[in-house]
Amino acid sequence: MLRRRREGKTDYEQRLGLIKGNKRRLVVRRSLNYIHAQIVEYSEKGDVTVIEKSSKHLQNYGWKLHCGNLPAAYLTGLIIGMDAKKKGIDEVIVDIGLETSTKGASIYALIKGAIDAGLKIPVDQKMFPSEDRINGKHIARYAQELKSNKEKYSRQFLVYIKNGIEPEKIVEHFNEVKKKILNEIK
């Protein structure tokens, strides 16, 4: 039995199905603090990574907030999608590995960003998070609700405050970073 199957790291039946599609794969993985995306081509000698981006790259565009949330995932998808278009890649299929497919998850926010950048990706539109969640309005609303409880507010949004961003203004910060990405990559 293969080690990666034993360790629960690879579903070889799913992988074979994706490879038989004979298309580049948008491989999406999440960690606790980041979301990672790669565009990968199959090769008999081993997969070849064509493009690799992580939500950590958002800091280059002025992103000052958590890199594992939905807005960060969408922006990461936008970056990898635009880079793919620059390299002449128009279409990919999604490889989420062993991740559970959940409606509105950060994986689908990343895919939405890649589609908005111009990539063709076969995916059910119902799986995407709402625009309010993509741009962070849900975080701003929650911050507004917590504002009356100073202790809880400052503990929950410590990183935001430390980086000089009011959590209620995450939508403006998101739009500012999105604009920088769109302008810089063009």
# chains A, B, ... in the order shown; residues from 1 in each chain; ligands from 1
call {"tool": "residues_around", "arguments": {"residues": "Arg25 in chain A", "least_positions_apart": "4", "cutoff": "6 Å", "atoms": "only C-alpha atoms", "output": "mmCIF file with C-alpha atoms, in the first residue's frame"}}
result
data_model
loop_
_atom_site.group_PDB
_atom_site.id
_atom_site.type_symbol
_atom_site.label_atom_id
_atom_site.label_comp_id
_atom_site.auth_asym_id
_atom_site.auth_seq_id
_atom_site.Cartn_x
_atom_site.Cartn_y
_atom_site.Cartn_z
ATOM 1 C CA ILE A 39 -1.219 25.829 -11.325
ATOM 2 C CA VAL A 40 0.260 22.422 -12.038
ATOM 3 C CA VAL A 92 -7.828 24.922 -15.530
ATOM 4 C CA ILE A 93 -9.644 22.342 -13.439
ATOM 5 C CA VAL A 94 -9.740 22.513 -9.644
#
call {"tool": "select_by_dssp", "arguments": {"residues": "range 21-128 of chain A", "states": "strand (DSSP E or B)", "output": "count of residues only"}}
result
25
call {"tool": "closest_residue", "arguments": {"among": "A:Gly77, A:Gly46, A:Gly88, A:Pro167", "to": "Ala114 in chain A", "atoms": "only C-alpha atoms"}}
result
A:Gly77
call {"tool": "residues_around", "arguments": {"residues": "Asp116 in chain A", "least_positions_apart": "5", "cutoff": "9 Å", "atoms": "only C-alpha atoms", "output": "number ranges by chain"}}
result
A: 77-78, 81-82, 111
call {"tool": "closest_residue", "arguments": {"among": "A:Arg24, A:Lys162, A:Lys120, A:Lys126", "to": "Asp90 in chain A", "atoms": "only C-alpha atoms"}}
result
A:Lys120
call {"tool": "residues_around", "arguments": {"residues": "Ala117 in chain A", "least_positions_apart": "6", "cutoff": "12 Å", "atoms": "only C-alpha atoms", "output": "list in words"}}
result
Tyr74, Leu75, Thr76, Gly77, Leu78, Ile79, Ile80, Gly81, Met82, Asp83, Ala84, Lys85, Lys86, Ile89, Asp90, Glu91, Leu110, Ile111, Lys178, Ile181, Leu182, Ile185 and Lys186 of chain A
call {"tool": "write_last_selection", "arguments": {"atoms": "C-alpha atoms", "output": "PDB file, in the first residue's frame"}}
result
ATOM      1  CA  TYR A  74     -10.391  35.928  -3.193  1.00  0.00           C
ATOM      2  CA  LEU A  75      -7.470  38.334  -3.713  1.00  0.00           C
ATOM      3  CA  THR A  76      -5.025  35.403  -3.931  1.00  0.00           C
ATOM      4  CA  GLY A  77      -7.237  33.855  -6.608  1.00  0.00           C
ATOM      5  CA  LEU A  78      -7.248  37.155  -8.471  1.00  0.00           C
ATOM      6  CA  ILE A  79      -3.434  37.270  -8.437  1.00  0.00           C
ATOM      7  CA  ILE A  80      -2.911  33.684  -9.620  1.00  0.00           C
ATOM      8  CA  GLY A  81      -5.624  34.073 -12.255  1.00  0.00           C
ATOM      9  CA  MET A  82      -4.047  37.207 -13.691  1.00  0.00           C
ATOM     10  CA  ASP A  83      -0.582  35.606 -13.665  1.00  0.00           C
ATOM     11  CA  ALA A  84      -2.014  32.582 -15.481  1.00  0.00           C
ATOM     12  CA  LYS A  85      -3.595  34.773 -18.157  1.00  0.00           C
ATOM     13  CA  LYS A  86      -0.224  36.507 -18.653  1.00  0.00           C
ATOM     14  CA  ILE A  89      -3.225  29.822 -19.540  1.00  0.00           C
ATOM     15  CA  ASP A  90      -6.956  30.168 -20.171  1.00  0.00           C
ATOM     16  CA  GLU A  91      -8.496  27.097 -18.581  1.00  0.00           C
ATOM     17  CA  LEU A 110     -10.096  31.781  -4.342  1.00  0.00           C
ATOM     18  CA  ILE A 111     -11.708  30.095  -7.354  1.00  0.00           C
ATOM     19  CA  LYS A 178      -7.861  44.819  -5.119  1.00  0.00           C
ATOM     20  CA  ILE A 181      -3.538  44.190  -7.751  1.00  0.00           C
ATOM     21  CA  LEU A 182      -5.540  45.008 -10.865  1.00  0.00           C
ATOM     22  CA  ILE A 185      -0.536  43.127 -12.774  1.00  0.00           C
ATOM     23  CA  LYS A 186      -1.984  44.625 -15.967  1.00  0.00           C
TER      24      LYS A 186
END
call {"tool": "select_by_dssp", "arguments": {"residues": "range 88-147 of chain A", "states": "helix (DSSP H, G or I)", "output": "PDB file with C-alpha atoms, in the first residue's frame"}}
result
ATOM      1  CA  SER A 106     -12.387  30.085   1.251  1.00  0.00           C
ATOM      2  CA  ILE A 107     -11.418  27.620  -1.487  1.00  0.00           C
ATOM      3  CA  TYR A 108     -14.402  28.829  -3.512  1.00  0.00           C
ATOM      4  CA  ALA A 109     -13.526  32.459  -2.789  1.00  0.00           C
ATOM      5  CA  LEU A 110     -10.096  31.781  -4.342  1.00  0.00           C
ATOM      6  CA  ILE A 111     -11.708  30.095  -7.354  1.00  0.00           C
ATOM      7  CA  LYS A 112     -14.083  33.078  -7.767  1.00  0.00           C
ATOM      8  CA  GLY A 113     -11.062  35.410  -7.794  1.00  0.00           C
ATOM      9  CA  ALA A 114      -9.358  33.307 -10.481  1.00  0.00           C
ATOM     10  CA  ILE A 115     -12.542  33.317 -12.591  1.00  0.00           C
ATOM     11  CA  ASP A 116     -12.889  37.099 -12.170  1.00  0.00           C
ATOM     12  CA  GLN A 125     -21.635  29.100  -9.190  1.00  0.00           C
ATOM     13  CA  LYS A 126     -23.803  28.212  -6.169  1.00  0.00           C
ATOM     14  CA  MET A 127     -20.655  27.197  -4.274  1.00  0.00           C
ATOM     15  CA  GLU A 131     -20.140  39.301  -2.349  1.00  0.00           C
ATOM     16  CA  ASP A 132     -20.609  40.542   1.246  1.00  0.00           C
ATOM     17  CA  ARG A 133     -18.417  37.718   2.508  1.00  0.00           C
ATOM     18  CA  ILE A 134     -15.856  38.084  -0.282  1.00  0.00           C
ATOM     19  CA  LYS A 137     -18.704  43.125   4.980  1.00  0.00           C
ATOM     20  CA  HIS A 138     -19.522  40.260   7.343  1.00  0.00           C
ATOM     21  CA  ILE A 139     -16.346  41.041   9.322  1.00  0.00           C
ATOM     22  CA  ALA A 140     -17.180  44.763   9.411  1.00  0.00           C
ATOM     23  CA  ARG A 141     -20.703  44.012  10.698  1.00  0.00           C
ATOM     24  CA  TYR A 142     -19.350  41.720  13.397  1.00  0.00           C
ATOM     25  CA  ALA A 143     -16.816  44.370  14.451  1.00  0.00           C
ATOM     26  CA  GLN A 144     -19.593  46.950  14.676  1.00  0.00           C
ATOM     27  CA  GLU A 145     -21.618  44.618  16.920  1.00  0.00           C
ATOM     28  CA  LEU A 146     -18.620  43.961  19.187  1.00  0.00           C
TER      29      LEU A 146
END
call {"tool": "closest_residue", "arguments": {"among": "A:Lys147, A:Arg155, A:His36, A:Arg29", "to": "Thr100 in chain A", "atoms": "only C-alpha atoms"}}
result
A:Arg29
call {"tool": "atom_distance", "arguments": {"atom1": "CA of Ala37 in chain A", "atom2": "CA of Asp95 in chain A"}}
result
9.8 Å
call {"tool": "closest_residue", "arguments": {"among": "A:Lys103, A:Asp124, A:Val50, A:Ile170", "to": "Phe157 in chain A", "atoms": "only C-alpha atoms"}}
result
A:Ile170
call {"tool": "closest_residue", "arguments": {"among": "A:Gly97, A:Tyr153, A:Leu70, A:Lys87", "to": "Ser130 in chain A", "atoms": "only C-alpha atoms"}}
result
A:Leu70
